[in-house]
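input-v7.pdb follows; it contains PDB, C-alpha atoms and all ligand atoms.
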```pdb
ATOM      1  CA  MET A   1     -16.784   9.795  27.427
ATOM      2  CA  ILE A   2     -14.597  11.079  24.608
ATOM      3  CA  VAL A   3     -10.981   9.933  24.923
ATOM      4  CA  PRO A   4      -8.702  12.376  23.095
ATOM      5  CA  PHE A   5      -6.692  11.143  20.139
ATOM      6  CA  GLY A   6      -3.358  11.863  21.843
ATOM      7  CA  ALA A   7      -4.235   9.563  24.745
ATOM      8  CA  ARG A   8      -5.531   6.864  22.394
ATOM      9  CA  LEU A   9      -2.382   7.020  20.289
ATOM     10  CA  ALA A  10      -0.102   6.892  23.334
ATOM     11  CA  ALA A  11      -1.935   3.762  24.530
ATOM     12  CA  ALA A  12      -1.775   2.191  21.062
ATOM     13  CA  MET A  13       1.979   2.818  20.814
ATOM     14  CA  ASP A  14       2.510   1.348  24.292
ATOM     15  CA  ALA A  15       0.539  -1.753  23.319
ATOM     16  CA  SER A  16       1.685  -2.307  19.737
ATOM     17  CA  GLY A  17       4.852  -0.299  19.148
ATOM     18  CA  PRO A  18       5.505   3.011  17.379
ATOM     19  CA  LEU A  19       4.647   2.019  13.799
ATOM     20  CA  CYS A  20       2.097   3.304  11.337
ATOM     21  CA  VAL A  21       1.702   1.235   8.163
ATOM     22  CA  GLY A  22       0.869   3.322   5.130
ATOM     23  CA  ILE A  23      -1.779   1.961   2.778
ATOM     24  CA  ASP A  24      -0.530   3.319  -0.547
ATOM     25  CA  PRO A  25      -1.866   1.281  -3.458
ATOM     26  CA  HIS A  26       0.632   2.508  -6.044
ATOM     27  CA  GLN A  27       0.026   1.377  -9.598
ATOM     28  CA  SER A  28       3.315  -0.563  -9.506
ATOM     29  CA  LEU A  29       2.350  -2.365  -6.280
ATOM     30  CA  LEU A  30      -1.070  -3.317  -7.644
ATOM     31  CA  GLU A  31       0.704  -4.851 -10.621
ATOM     32  CA  ALA A  32       3.231  -6.645  -8.416
ATOM     33  CA  TRP A  33       0.370  -8.055  -6.331
ATOM     34  CA  GLY A  34      -1.449  -9.263  -9.471
ATOM     35  CA  LEU A  35      -4.313  -6.822  -8.978
ATOM     36  CA  PRO A  36      -6.053  -4.606 -11.548
ATOM     37  CA  ASP A  37      -5.322  -0.879 -11.526
ATOM     38  CA  ASP A  38      -8.895   0.066 -10.663
ATOM     39  CA  ALA A  39     -11.084   0.509  -7.593
ATOM     40  CA  SER A  40     -11.568  -3.240  -7.170
ATOM     41  CA  GLY A  41      -7.794  -3.751  -7.138
ATOM     42  CA  VAL A  42      -7.333  -0.958  -4.616
ATOM     43  CA  ARG A  43     -10.027  -2.516  -2.431
ATOM     44  CA  SER A  44      -8.408  -5.969  -2.441
ATOM     45  CA  PHE A  45      -5.014  -4.393  -1.752
ATOM     46  CA  ALA A  46      -6.153  -2.261   1.178
ATOM     47  CA  LEU A  47      -8.253  -4.972   2.808
ATOM     48  CA  ARG A  48      -5.297  -7.363   2.488
ATOM     49  CA  VAL A  49      -3.079  -4.893   4.331
ATOM     50  CA  LEU A  50      -5.697  -4.555   7.060
ATOM     51  CA  GLU A  51      -5.962  -8.346   7.349
ATOM     52  CA  ALA A  52      -2.192  -8.475   7.845
ATOM     53  CA  VAL A  53      -1.664  -5.614  10.285
ATOM     54  CA  GLY A  54      -5.054  -4.581  11.693
ATOM     55  CA  GLY A  55      -5.019  -4.865  15.474
ATOM     56  CA  ARG A  56      -1.263  -5.483  15.383
ATOM     57  CA  VAL A  57       0.213  -2.029  14.782
ATOM     58  CA  ALA A  58      -0.568   1.302  16.390
ATOM     59  CA  ALA A  59      -1.955   2.926  13.244
ATOM     60  CA  VAL A  60      -2.570   2.606   9.544
ATOM     61  CA  LYS A  61      -2.477   5.510   7.124
ATOM     62  CA  PRO A  62      -4.458   5.223   3.922
ATOM     63  CA  GLN A  63      -3.070   7.712   1.409
ATOM     64  CA  ALA A  64      -6.162   9.390  -0.081
ATOM     65  CA  ALA A  65      -4.507  10.173  -3.421
ATOM     66  CA  PHE A  66      -4.220   6.518  -4.383
ATOM     67  CA  PHE A  67      -7.951   6.067  -3.816
ATOM     68  CA  GLU A  68      -9.019   9.375  -5.387
ATOM     69  CA  ARG A  69      -7.209   8.567  -8.625
ATOM     70  CA  HIS A  70      -9.983   6.028  -9.235
ATOM     71  CA  GLY A  71     -12.745   8.629  -8.916
ATOM     72  CA  SER A  72     -15.914   8.118  -6.926
ATOM     73  CA  ALA A  73     -15.451   4.328  -6.857
ATOM     74  CA  GLY A  74     -12.016   4.846  -5.286
ATOM     75  CA  VAL A  75     -13.409   7.261  -2.717
ATOM     76  CA  ALA A  76     -16.076   4.699  -1.821
ATOM     77  CA  VAL A  77     -13.256   2.197  -1.227
ATOM     78  CA  LEU A  78     -11.471   4.722   1.001
ATOM     79  CA  GLU A  79     -14.674   5.028   3.049
ATOM     80  CA  GLU A  80     -14.832   1.233   3.383
ATOM     81  CA  VAL A  81     -11.164   1.053   4.374
ATOM     82  CA  VAL A  82     -11.534   3.759   7.015
ATOM     83  CA  ALA A  83     -14.442   1.847   8.580
ATOM     84  CA  ALA A  84     -12.718  -1.537   8.293
ATOM     85  CA  GLY A  85      -9.523  -0.134   9.776
ATOM     86  CA  ARG A  86     -11.341   1.332  12.749
ATOM     87  CA  ASP A  87     -13.133  -2.011  13.273
ATOM     88  CA  THR A  88      -9.757  -3.726  13.739
ATOM     89  CA  GLY A  89      -9.008  -1.418  16.674
ATOM     90  CA  THR A  90      -6.005   0.072  14.916
ATOM     91  CA  LEU A  91      -6.072   3.865  14.649
ATOM     92  CA  VAL A  92      -6.732   5.228  11.170
ATOM     93  CA  ILE A  93      -4.883   8.338  10.022
ATOM     94  CA  VAL A  94      -6.334   9.618   6.759
ATOM     95  CA  ASP A  95      -3.441  11.106   4.806
ATOM     96  CA  ALA A  96      -5.256  13.692   2.705
ATOM     97  CA  LYS A  97      -3.097  16.755   3.506
ATOM     98  CA  ARG A  98      -5.964  19.169   3.291
ATOM     99  CA  GLY A  99      -5.477  22.938   3.642
ATOM    100  CA  ASP A 100      -7.527  25.902   2.401
ATOM    101  CA  ILE A 101      -9.006  29.221   3.469
ATOM    102  CA  GLY A 102     -10.849  28.896   6.770
ATOM    103  CA  SER A 103     -14.383  28.740   5.364
ATOM    104  CA  THR A 104     -13.465  25.888   3.023
ATOM    105  CA  MET A 105     -11.375  24.262   5.736
ATOM    106  CA  GLY A 106     -14.644  23.970   7.655
ATOM    107  CA  ALA A 107     -16.003  21.764   4.887
ATOM    108  CA  TYR A 108     -12.866  19.617   4.859
ATOM    109  CA  ALA A 109     -13.154  19.275   8.629
ATOM    110  CA  ASP A 110     -16.765  18.189   8.202
ATOM    111  CA  ALA A 111     -15.716  15.552   5.672
ATOM    112  CA  PHE A 112     -12.751  14.103   7.545
ATOM    113  CA  LEU A 113     -13.340  14.798  11.237
ATOM    114  CA  ARG A 114     -17.078  14.820  11.938
ATOM    115  CA  ASP A 115     -18.699  11.909  13.787
ATOM    116  CA  GLY A 116     -20.689   9.918  11.267
ATOM    117  CA  SER A 117     -18.843  11.141   8.202
ATOM    118  CA  PRO A 118     -17.760   8.120   6.133
ATOM    119  CA  LEU A 119     -14.292   9.600   5.548
ATOM    120  CA  ALA A 120     -13.609  10.366   9.203
ATOM    121  CA  GLY A 121     -10.854   8.228  10.689
ATOM    122  CA  ASP A 122      -9.081   8.916  13.968
ATOM    123  CA  ALA A 123      -6.821  11.648  12.586
ATOM    124  CA  LEU A 124      -6.124  13.656   9.447
ATOM    125  CA  THR A 125      -3.000  15.157   7.906
ATOM    126  CA  ILE A 126      -3.330  18.874   7.117
ATOM    127  CA  SER A 127      -1.233  21.630   5.566
ATOM    128  CA  PRO A 128      -0.664  24.921   7.421
ATOM    129  CA  TYR A 129       0.754  26.734   4.418
ATOM    130  CA  LEU A 130      -2.296  28.943   3.943
ATOM    131  CA  GLY A 131      -1.553  30.205   7.450
ATOM    132  CA  PHE A 132      -1.892  28.269  10.707
ATOM    133  CA  GLY A 133      -5.045  30.204  11.625
ATOM    134  CA  SER A 134      -6.810  28.847   8.543
ATOM    135  CA  LEU A 135      -6.741  25.443  10.250
ATOM    136  CA  ASP A 136      -8.980  26.568  13.128
ATOM    137  CA  PRO A 137     -12.140  24.778  11.942
ATOM    138  CA  ALA A 138     -10.230  21.495  11.722
ATOM    139  CA  ILE A 139      -8.575  22.039  15.096
ATOM    140  CA  ASP A 140     -11.904  22.824  16.774
ATOM    141  CA  LEU A 141     -13.662  19.791  15.324
ATOM    142  CA  ALA A 142     -10.739  17.433  15.944
ATOM    143  CA  LEU A 143     -10.505  18.419  19.599
ATOM    144  CA  SER A 144     -14.252  18.307  20.219
ATOM    145  CA  SER A 145     -14.664  14.901  18.546
ATOM    146  CA  GLY A 146     -11.634  13.178  20.124
ATOM    147  CA  ARG A 147      -9.755  13.109  16.837
ATOM    148  CA  GLY A 148      -6.258  14.226  15.983
ATOM    149  CA  LEU A 149      -4.405  16.239  13.390
ATOM    150  CA  PHE A 150      -0.934  15.931  11.933
ATOM    151  CA  VAL A 151       0.200  19.319  10.664
ATOM    152  CA  LEU A 152       2.920  19.333   7.997
ATOM    153  CA  CYS A 153       6.019  20.858   9.608
ATOM    154  CA  LEU A 154       9.308  19.457   8.282
ATOM    155  CA  THR A 155       8.355  17.106   5.483
ATOM    156  CA  SER A 156      10.436  14.224   4.178
ATOM    157  CA  ASN A 157      10.760  15.460   0.586
ATOM    158  CA  LYS A 158      13.843  17.332  -0.592
ATOM    159  CA  GLU A 159      11.835  20.395  -1.728
ATOM    160  CA  GLY A 160      10.207  21.082   1.641
ATOM    161  CA  HIS A 161      12.974  23.371   2.854
ATOM    162  CA  GLU A 162      12.052  26.082   0.292
ATOM    163  CA  VAL A 163       9.001  26.939   2.370
ATOM    164  CA  GLN A 164       9.603  25.343   5.758
ATOM    165  CA  HIS A 165      13.112  26.714   6.394
ATOM    166  CA  ALA A 166      12.226  30.225   5.216
ATOM    167  CA  ARG A 167      12.417  32.903   7.899
ATOM    168  CA  THR A 168       9.624  35.282   8.772
ATOM    169  CA  ASP A 169      10.173  39.018   9.497
ATOM    170  CA  ASP A 170      11.208  38.280  13.076
ATOM    171  CA  GLY A 171      13.797  35.700  11.971
ATOM    172  CA  VAL A 172      11.841  32.662  13.118
ATOM    173  CA  THR A 173      11.553  29.875  10.556
ATOM    174  CA  VAL A 174       8.168  28.921   9.173
ATOM    175  CA  ALA A 175       8.594  25.389  10.543
ATOM    176  CA  ALA A 176       9.411  26.670  14.035
ATOM    177  CA  ARG A 177       6.333  28.880  13.959
ATOM    178  CA  VAL A 178       4.128  25.932  12.925
ATOM    179  CA  ALA A 179       5.637  23.784  15.687
ATOM    180  CA  ALA A 180       5.142  26.518  18.299
ATOM    181  CA  ARG A 181       1.475  26.963  17.328
ATOM    182  CA  ALA A 182       0.879  23.213  17.632
ATOM    183  CA  GLY A 183       2.717  23.163  20.954
ATOM    184  CA  ALA A 184       0.511  25.943  22.336
ATOM    185  CA  LEU A 185      -2.560  23.815  21.577
ATOM    186  CA  ASN A 186      -1.059  20.811  23.389
ATOM    187  CA  GLU A 187       0.256  22.674  26.428
ATOM    188  CA  GLY A 188      -0.252  20.786  29.681
ATOM    189  CA  VAL A 189      -2.060  17.879  28.017
ATOM    190  CA  GLU A 190      -1.101  14.433  29.276
ATOM    191  CA  PRO A 191       0.088  11.981  28.165
ATOM    192  CA  LEU A 192       0.219  13.576  24.707
ATOM    193  CA  GLY A 193      -1.701  16.332  22.948
ATOM    194  CA  SER A 194      -3.844  15.604  19.902
ATOM    195  CA  ILE A 195      -2.345  18.175  17.534
ATOM    196  CA  GLY A 196       0.659  16.432  16.043
ATOM    197  CA  LEU A 197       3.226  17.321  13.452
ATOM    198  CA  VAL A 198       4.555  15.603  10.358
ATOM    199  CA  VAL A 199       8.336  15.468  10.637
ATOM    200  CA  GLY A 200      10.122  13.293   8.097
ATOM    201  CA  ALA A 201      12.575  10.623   9.189
ATOM    202  CA  THR A 202      14.819  11.879   6.382
ATOM    203  CA  ILE A 203      15.383  15.467   7.569
ATOM    204  CA  GLY A 204      18.716  14.922   9.319
ATOM    205  CA  ASP A 205      19.481  17.834  11.626
ATOM    206  CA  ALA A 206      16.905  20.191  10.098
ATOM    207  CA  ALA A 207      14.902  20.494  13.330
ATOM    208  CA  ARG A 208      17.947  21.926  15.077
ATOM    209  CA  ARG A 209      18.854  24.171  12.139
ATOM    210  CA  THR A 210      15.330  25.580  11.876
ATOM    211  CA  GLY A 211      14.884  26.046  15.614
ATOM    212  CA  VAL A 212      12.042  23.532  15.887
ATOM    213  CA  ASP A 213      11.773  22.258  19.466
ATOM    214  CA  LEU A 214      10.171  18.878  18.848
ATOM    215  CA  ALA A 215       9.891  17.869  22.511
ATOM    216  CA  ALA A 216       8.099  21.127  23.343
ATOM    217  CA  VAL A 217       5.330  20.281  20.876
ATOM    218  CA  ASN A 218       4.009  17.791  23.441
ATOM    219  CA  GLY A 219       2.121  16.052  20.662
ATOM    220  CA  PRO A 220       2.635  13.091  18.380
ATOM    221  CA  LEU A 221       5.241  13.294  15.621
ATOM    222  CA  LEU A 222       4.319  11.329  12.515
ATOM    223  CA  ALA A 223       7.573  10.348  10.823
ATOM    224  CA  PRO A 224       7.165   9.278   7.191
ATOM    225  CA  GLY A 225      10.206   8.419   5.137
ATOM    226  CA  VAL A 226      11.019   5.163   6.912
ATOM    227  CA  GLY A 227      11.945   2.406   4.462
ATOM    228  CA  ALA A 228      11.577   3.363   0.803
ATOM    229  CA  GLN A 229      12.776   6.958   1.304
ATOM    230  CA  GLY A 230      15.885   5.835   3.155
ATOM    231  CA  GLY A 231      14.963   6.517   6.769
ATOM    232  CA  GLY A 232      15.976   3.778   9.208
ATOM    233  CA  ALA A 233      16.747   3.248  12.866
ATOM    234  CA  ARG A 234      19.812   5.512  12.778
ATOM    235  CA  GLU A 235      17.898   8.344  11.116
ATOM    236  CA  LEU A 236      14.987   8.104  13.566
ATOM    237  CA  ALA A 237      17.346   8.358  16.527
ATOM    238  CA  GLN A 238      19.231  11.256  14.923
ATOM    239  CA  VAL A 239      16.181  13.286  13.902
ATOM    240  CA  PHE A 240      14.123  12.956  17.069
ATOM    241  CA  GLY A 241      16.596  12.837  19.967
ATOM    242  CA  ALA A 242      14.826  13.884  23.158
ATOM    243  CA  ALA A 243      11.415  13.811  21.447
ATOM    244  CA  ARG A 244      11.687  10.159  20.456
ATOM    245  CA  ARG A 245       8.896   8.927  22.714
ATOM    246  CA  GLN A 246       6.433  11.101  20.771
ATOM    247  CA  VAL A 247       7.307   9.496  17.436
ATOM    248  CA  LEU A 248       5.043   7.343  15.298
ATOM    249  CA  ALA A 249       7.301   6.020  12.532
ATOM    250  CA  SER A 250       5.507   5.576   9.224
ATOM    251  CA  SER A 251       6.378   3.168   6.444
ATOM    252  CA  SER A 252       4.359   2.388   3.334
ATOM    253  CA  ARG A 253       6.337   0.801   0.483
ATOM    254  CA  GLY A 254       8.929  -0.587   2.918
ATOM    255  CA  VAL A 255       6.222  -2.878   4.338
ATOM    256  CA  LEU A 256       3.953  -3.198   1.294
ATOM    257  CA  ALA A 257       6.787  -4.579  -0.846
ATOM    258  CA  ALA A 258       6.511  -7.778   1.221
ATOM    259  CA  GLY A 259       2.981  -8.455  -0.097
ATOM    260  CA  PRO A 260       0.697  -9.825  -1.288
ATOM    261  CA  ASP A 261       1.174 -12.730   1.119
ATOM    262  CA  VAL A 262      -0.507 -11.862   4.435
ATOM    263  CA  ALA A 263       2.057 -13.625   6.606
ATOM    264  CA  SER A 264       4.930 -11.878   4.814
ATOM    265  CA  LEU A 265       3.265  -8.481   5.175
ATOM    266  CA  ARG A 266       2.665  -9.156   8.845
ATOM    267  CA  ALA A 267       6.286 -10.172   9.373
ATOM    268  CA  ALA A 268       7.550  -7.060   7.548
ATOM    269  CA  ALA A 269       5.374  -4.833   9.718
ATOM    270  CA  ARG A 270       6.557  -6.597  12.861
ATOM    271  CA  ARG A 271      10.177  -6.100  11.846
ATOM    272  CA  ALA A 272       9.618  -2.419  11.054
ATOM    273  CA  SER A 273       7.803  -1.883  14.334
ATOM    274  CA  ASP A 274      10.513  -3.628  16.372
ATOM    275  CA  GLU A 275      13.247  -1.629  14.616
ATOM    276  CA  ALA A 276      11.432   1.637  15.238
ATOM    277  CA  ALA A 277      10.839   0.705  18.883
ATOM    278  CA  ALA A 278      14.520  -0.092  19.381
ATOM    279  CA  ALA A 279      15.613   3.136  17.713
ATOM    280  CA  LEU A 280      13.193   5.255  19.732
ATOM    281  CA  SER A 281      13.607   3.601  23.159
TER     282      SER A 281
HETATM  283  O1  LIG B   1       6.564  14.550   4.616
HETATM  284  C1  LIG B   1       5.841  13.640   4.204
HETATM  285  C2  LIG B   1       4.490  13.614   4.421
HETATM  286  C3  LIG B   1       3.773  12.541   3.985
HETATM  287  N1  LIG B   1       4.355  11.509   3.321
HETATM  288  C4  LIG B   1       3.502  10.386   2.906
HETATM  289  O2  LIG B   1       3.933   9.198   3.560
HETATM  290  C5  LIG B   1       3.931   8.110   2.655
HETATM  291  C6  LIG B   1       5.361   7.626   2.458
HETATM  292  O3  LIG B   1       5.381   6.469   1.676
HETATM  293  P1  LIG B   1       6.690   5.530   1.574
HETATM  294  O4  LIG B   1       6.278   4.491   0.581
HETATM  295  O5  LIG B   1       6.947   4.932   2.943
HETATM  296  O6  LIG B   1       7.815   6.374   1.094
HETATM  297  C7  LIG B   1       3.284   8.607   1.373
HETATM  298  O7  LIG B   1       1.899   8.353   1.480
HETATM  299  C8  LIG B   1       3.531  10.096   1.408
HETATM  300  O8  LIG B   1       2.540  10.832   0.749
HETATM  301  C9  LIG B   1       5.696  11.537   3.109
HETATM  302  O9  LIG B   1       6.284  10.610   2.515
HETATM  303  N2  LIG B   1       6.413  12.603   3.557
END
```
Encoding of this model in structure tokens:
Amino acid sequence: MIVPFGARLAAAMDASGPLCVGIDPHQSLLEAWGLPDDASGVRSFALRVLEAVGGRVAAVKPQAAFFERHGSAGVAVLEEVVAAGRDTGTLVIVDAKRGDIGSTMGAYADAFLRDGSPLAGDALTISPYLGFGSLDPAIDLALSSGRGLFVLCLTSNKEGHEVQHARTDDGVTVAARVAARAGALNEGVEPLGSIGLVVGATIGDAARRTGVDLAAVNGPLLAPGVGAQGGGARELAQVFGAARRQVLASSSRGVLAAGPDVASLRAAARRASDEAAAALS
């Protein structure tokens, strides 16, 4: 039986807390960890993170860009990391932020969401800014394969408002429209739908200002920006309010800076998870 991603994530957050650890092998972190800036260094880095947090946090999020910058050897490492992450029992969210015209989106869906594809984790981040309807192939395949999607809605970067806060002809913001479309796909699903949103922990009161009803999305809310970008317990509570039980807080550098020692990484992840749980309870 296929268990939908939303149900699997809800169970993982209940068991391990609301934290996703980002696997972002930045050049500077590889150097700090004494690793070479090549695919072998990225491999050692990512497997070390999995050793520290696999099976102990709700999710991990390998950032595809840091693997792709090493070409085909880096992509092969990403494949290995996706498989190794899933083997630990921790959910794997591939942060690749794909988005394209529908026919090409079908190929991205095939790569990242199809059973048996080496790049398919448990969920994928995607961009709706070629139009929400262009995401249909990914939505169809995610739902039929028990996977999830995180659709960019209100991102953590300071430039996001240029597009996301813009108003359409009927006065509704782009972000609110994205959120409403995701919510329609999750309607009536319990405990949580599988079509989530990306909503940065750094956005302050932007959800209110843009008319985004986060609770009505009835899906998971991936909240990057915790740690290195300045988001903390106070920001999580402020941004998510009534939707806080849907939130999966995400931290990459904030945890990774504790490496390369496995015990220190594990302790940093535990702290981040406990802080997020307290802020979102
Ligand atoms: O709005 C967004 C969407 C995605 N991200 C990604 O999350 C991590 C954040 O890394 P930190 O080191 O914790 O700052 C990174 O992979 C981004 O691409 C985001 O930050 N904001």
**Report entry** Point-to-point distance in Å for CA of Thr125 (chain A) and CA of Gln229 (chain A)
**Finding:**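 Going from CA of Gln229 (chain A) over to CA of Thr125 (chain A) covers 19.0 Å.
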Tell me, counting all atoms listed in the file, for each residue of chain A within 9 Å of ligand LIG 1 (chain B), which pair of atoms is nearest and how far apart they are in Å to one decimal, in rows ordered by chain and increasing number, as JSON lines.
```
{"residue": "A:Val21", "atom": "CA", "partner": "B:LIG1", "partner_atom": "O5", "distance": 8.3}
{"residue": "A:Gly22", "atom": "CA", "partner": "B:LIG1", "partner_atom": "C5", "distance": 6.2}
{"residue": "A:Ile23", "atom": "CA", "partner": "B:LIG1", "partner_atom": "O7", "distance": 7.5}
{"residue": "A:Asp24", "atom": "CA", "partner": "B:LIG1", "partner_atom": "O7", "distance": 5.9}
{"residue": "A:His26", "atom": "CA", "partner": "B:LIG1", "partner_atom": "O4", "distance": 8.9}
{"residue": "A:Lys61", "atom": "CA", "partner": "B:LIG1", "partner_atom": "O7", "distance": 7.7}
{"residue": "A:Pro62", "atom": "CA", "partner": "B:LIG1", "partner_atom": "O7", "distance": 7.5}
{"residue": "A:Gln63", "atom": "CA", "partner": "B:LIG1", "partner_atom": "O7", "distance": 5.0}
{"residue": "A:Ala64", "atom": "CA", "partner": "B:LIG1", "partner_atom": "O7", "distance": 8.3}
{"residue": "A:Ala65", "atom": "CA", "partner": "B:LIG1", "partner_atom": "O8", "distance": 8.2}
{"residue": "A:Phe66", "atom": "CA", "partner": "B:LIG1", "partner_atom": "O7", "distance": 8.7}
{"residue": "A:Asp95", "atom": "CA", "partner": "B:LIG1", "partner_atom": "O7", "distance": 6.9}
{"residue": "A:Ala96", "atom": "CA", "partner": "B:LIG1", "partner_atom": "O8", "distance": 8.5}
{"residue": "A:Lys97", "atom": "CA", "partner": "B:LIG1", "partner_atom": "C3", "distance": 8.1}
{"residue": "A:Thr125", "atom": "CA", "partner": "B:LIG1", "partner_atom": "C3", "distance": 8.3}
{"residue": "A:Leu152", "atom": "CA", "partner": "B:LIG1", "partner_atom": "O1", "distance": 6.9}
{"residue": "A:Cys153", "atom": "CA", "partner": "B:LIG1", "partner_atom": "O1", "distance": 8.1}
{"residue": "A:Leu154", "atom": "CA", "partner": "B:LIG1", "partner_atom": "O1", "distance": 6.7}
{"residue": "A:Thr155", "atom": "CA", "partner": "B:LIG1", "partner_atom": "O1", "distance": 3.2}
{"residue": "A:Ser156", "atom": "CA", "partner": "B:LIG1", "partner_atom": "O1", "distance": 3.9}
{"residue": "A:Asn157", "atom": "CA", "partner": "B:LIG1", "partner_atom": "O1", "distance": 5.9}
{"residue": "A:Gly160", "atom": "CA", "partner": "B:LIG1", "partner_atom": "O1", "distance": 8.0}
{"residue": "A:Val198", "atom": "CA", "partner": "B:LIG1", "partner_atom": "O1", "distance": 6.2}
{"residue": "A:Val199", "atom": "CA", "partner": "B:LIG1", "partner_atom": "O1", "distance": 6.3}
{"residue": "A:Gly200", "atom": "CA", "partner": "B:LIG1", "partner_atom": "O1", "distance": 5.1}
{"residue": "A:Ala201", "atom": "CA", "partner": "B:LIG1", "partner_atom": "O1", "distance": 8.5}
{"residue": "A:Thr202", "atom": "CA", "partner": "B:LIG1", "partner_atom": "O1", "distance": 8.9}
{"residue": "A:Leu222", "atom": "CA", "partner": "B:LIG1", "partner_atom": "C2", "distance": 8.4}
{"residue": "A:Ala223", "atom": "CA", "partner": "B:LIG1", "partner_atom": "O1", "distance": 7.6}
{"residue": "A:Pro224", "atom": "CA", "partner": "B:LIG1", "partner_atom": "O2", "distance": 4.9}
{"residue": "A:Gly225", "atom": "CA", "partner": "B:LIG1", "partner_atom": "O6", "distance": 5.1}
{"residue": "A:Val226", "atom": "CA", "partner": "B:LIG1", "partner_atom": "O5", "distance": 5.7}
{"residue": "A:Gly227", "atom": "CA", "partner": "B:LIG1", "partner_atom": "O5", "distance": 5.8}
{"residue": "A:Ala228", "atom": "CA", "partner": "B:LIG1", "partner_atom": "O6", "distance": 4.8}
{"residue": "A:Gln229", "atom": "CA", "partner": "B:LIG1", "partner_atom": "O6", "distance": 5.0}
{"residue": "A:Gly230", "atom": "CA", "partner": "B:LIG1", "partner_atom": "O6", "distance": 8.3}
{"residue": "A:Ser250", "atom": "CA", "partner": "B:LIG1", "partner_atom": "O5", "distance": 6.5}
{"residue": "A:Ser251", "atom": "CA", "partner": "B:LIG1", "partner_atom": "O5", "distance": 4.0}
{"residue": "A:Ser252", "atom": "CA", "partner": "B:LIG1", "partner_atom": "O5", "distance": 3.7}
{"residue": "A:Arg253", "atom": "CA", "partner": "B:LIG1", "partner_atom": "O4", "distance": 3.7}
{"residue": "A:Gly254", "atom": "CA", "partner": "B:LIG1", "partner_atom": "O5", "distance": 5.9}
{"residue": "A:Val255", "atom": "CA", "partner": "B:LIG1", "partner_atom": "O5", "distance": 8.0}
{"residue": "A:Leu256", "atom": "CA", "partner": "B:LIG1", "partner_atom": "O4", "distance": 8.1}
```
Could you please take those selected residues and save C-alpha atoms as an mmCIF file, in the coordinates of the input?
```cif
data_model
loop_
_atom_site.group_PDB
_atom_site.id
_atom_site.type_symbol
_atom_site.label_atom_id
_atom_site.label_comp_id
_atom_site.auth_asym_id
_atom_site.auth_seq_id
_atom_site.Cartn_x
_atom_site.Cartn_y
_atom_site.Cartn_z
ATOM 1 C CA VAL A 21 1.702 1.235 8.163
ATOM 2 C CA GLY A 22 0.869 3.322 5.130
ATOM 3 C CA ILE A 23 -1.779 1.961 2.778
ATOM 4 C CA ASP A 24 -0.530 3.319 -0.547
ATOM 5 C CA HIS A 26 0.632 2.508 -6.044
ATOM 6 C CA LYS A 61 -2.477 5.510 7.124
ATOM 7 C CA PRO A 62 -4.458 5.223 3.922
ATOM 8 C CA GLN A 63 -3.070 7.712 1.409
ATOM 9 C CA ALA A 64 -6.162 9.390 -0.081
ATOM 10 C CA ALA A 65 -4.507 10.173 -3.421
ATOM 11 C CA PHE A 66 -4.220 6.518 -4.383
ATOM 12 C CA ASP A 95 -3.441 11.106 4.806
ATOM 13 C CA ALA A 96 -5.256 13.692 2.705
ATOM 14 C CA LYS A 97 -3.097 16.755 3.506
ATOM 15 C CA THR A 125 -3.000 15.157 7.906
ATOM 16 C CA LEU A 152 2.920 19.333 7.997
ATOM 17 C CA CYS A 153 6.019 20.858 9.608
ATOM 18 C CA LEU A 154 9.308 19.457 8.282
ATOM 19 C CA THR A 155 8.355 17.106 5.483
ATOM 20 C CA SER A 156 10.436 14.224 4.178
ATOM 21 C CA ASN A 157 10.760 15.460 0.586
ATOM 22 C CA GLY A 160 10.207 21.082 1.641
ATOM 23 C CA VAL A 198 4.555 15.603 10.358
ATOM 24 C CA VAL A 199 8.336 15.468 10.637
ATOM 25 C CA GLY A 200 10.122 13.293 8.097
ATOM 26 C CA ALA A 201 12.575 10.623 9.189
ATOM 27 C CA THR A 202 14.819 11.879 6.382
ATOM 28 C CA LEU A 222 4.319 11.329 12.515
ATOM 29 C CA ALA A 223 7.573 10.348 10.823
ATOM 30 C CA PRO A 224 7.165 9.278 7.191
ATOM 31 C CA GLY A 225 10.206 8.419 5.137
ATOM 32 C CA VAL A 226 11.019 5.163 6.912
ATOM 33 C CA GLY A 227 11.945 2.406 4.462
ATOM 34 C CA ALA A 228 11.577 3.363 0.803
ATOM 35 C CA GLN A 229 12.776 6.958 1.304
ATOM 36 C CA GLY A 230 15.885 5.835 3.155
ATOM 37 C CA SER A 250 5.507 5.576 9.224
ATOM 38 C CA SER A 251 6.378 3.168 6.444
ATOM 39 C CA SER A 252 4.359 2.388 3.334
ATOM 40 C CA ARG A 253 6.337 0.801 0.483
ATOM 41 C CA GLY A 254 8.929 -0.587 2.918
ATOM 42 C CA VAL A 255 6.222 -2.878 4.338
ATOM 43 C CA LEU A 256 3.953 -3.198 1.294
#
```
Report task. Quick one: apply the PyMOL selection byres (((chain A and resi 176) around 10) and not hetatm) to the file and drop the selected residues here as number ranges by chain. Result -> A: 153-154, 164-167, 172-175, 177-182, 207-214
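Among the candidates A:Gly89, A:Gly34, A:Gly204, A:Gly41, the one nearest to Ser16 (chain A) when counting all atoms listed in the file is A:Gly89.
Residue nearest Pro4 (chain A) within the list A:Leu124, A:Ala258, A:Val53, A:Val189: A:Val189 [criterion: smallest interatomic distance, only C-alpha atoms].
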Query raised in the report: Given the file above and the PyMOL selection byres (((chain A and resi 192) around 9) and not hetatm), which residues are selected, and can you give them as a PyMOL selection string?
Result: chain A and resi 5-7+9-10+186+188-191+193-195+218-220+246
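Residue membership of the PyMOL selection byres (((chain A and resi 278) around 12) and not hetatm) in the shown file amounts to Gly17, Pro18, Leu19, Gly232, Ala233, Arg234, Leu236, Ala237, Arg244, Arg245, Ala249, Arg271, Ala272, Ser273, Asp274, Glu275, Ala276, Ala277, Ala279, Leu280 and Ser281 of chain A.
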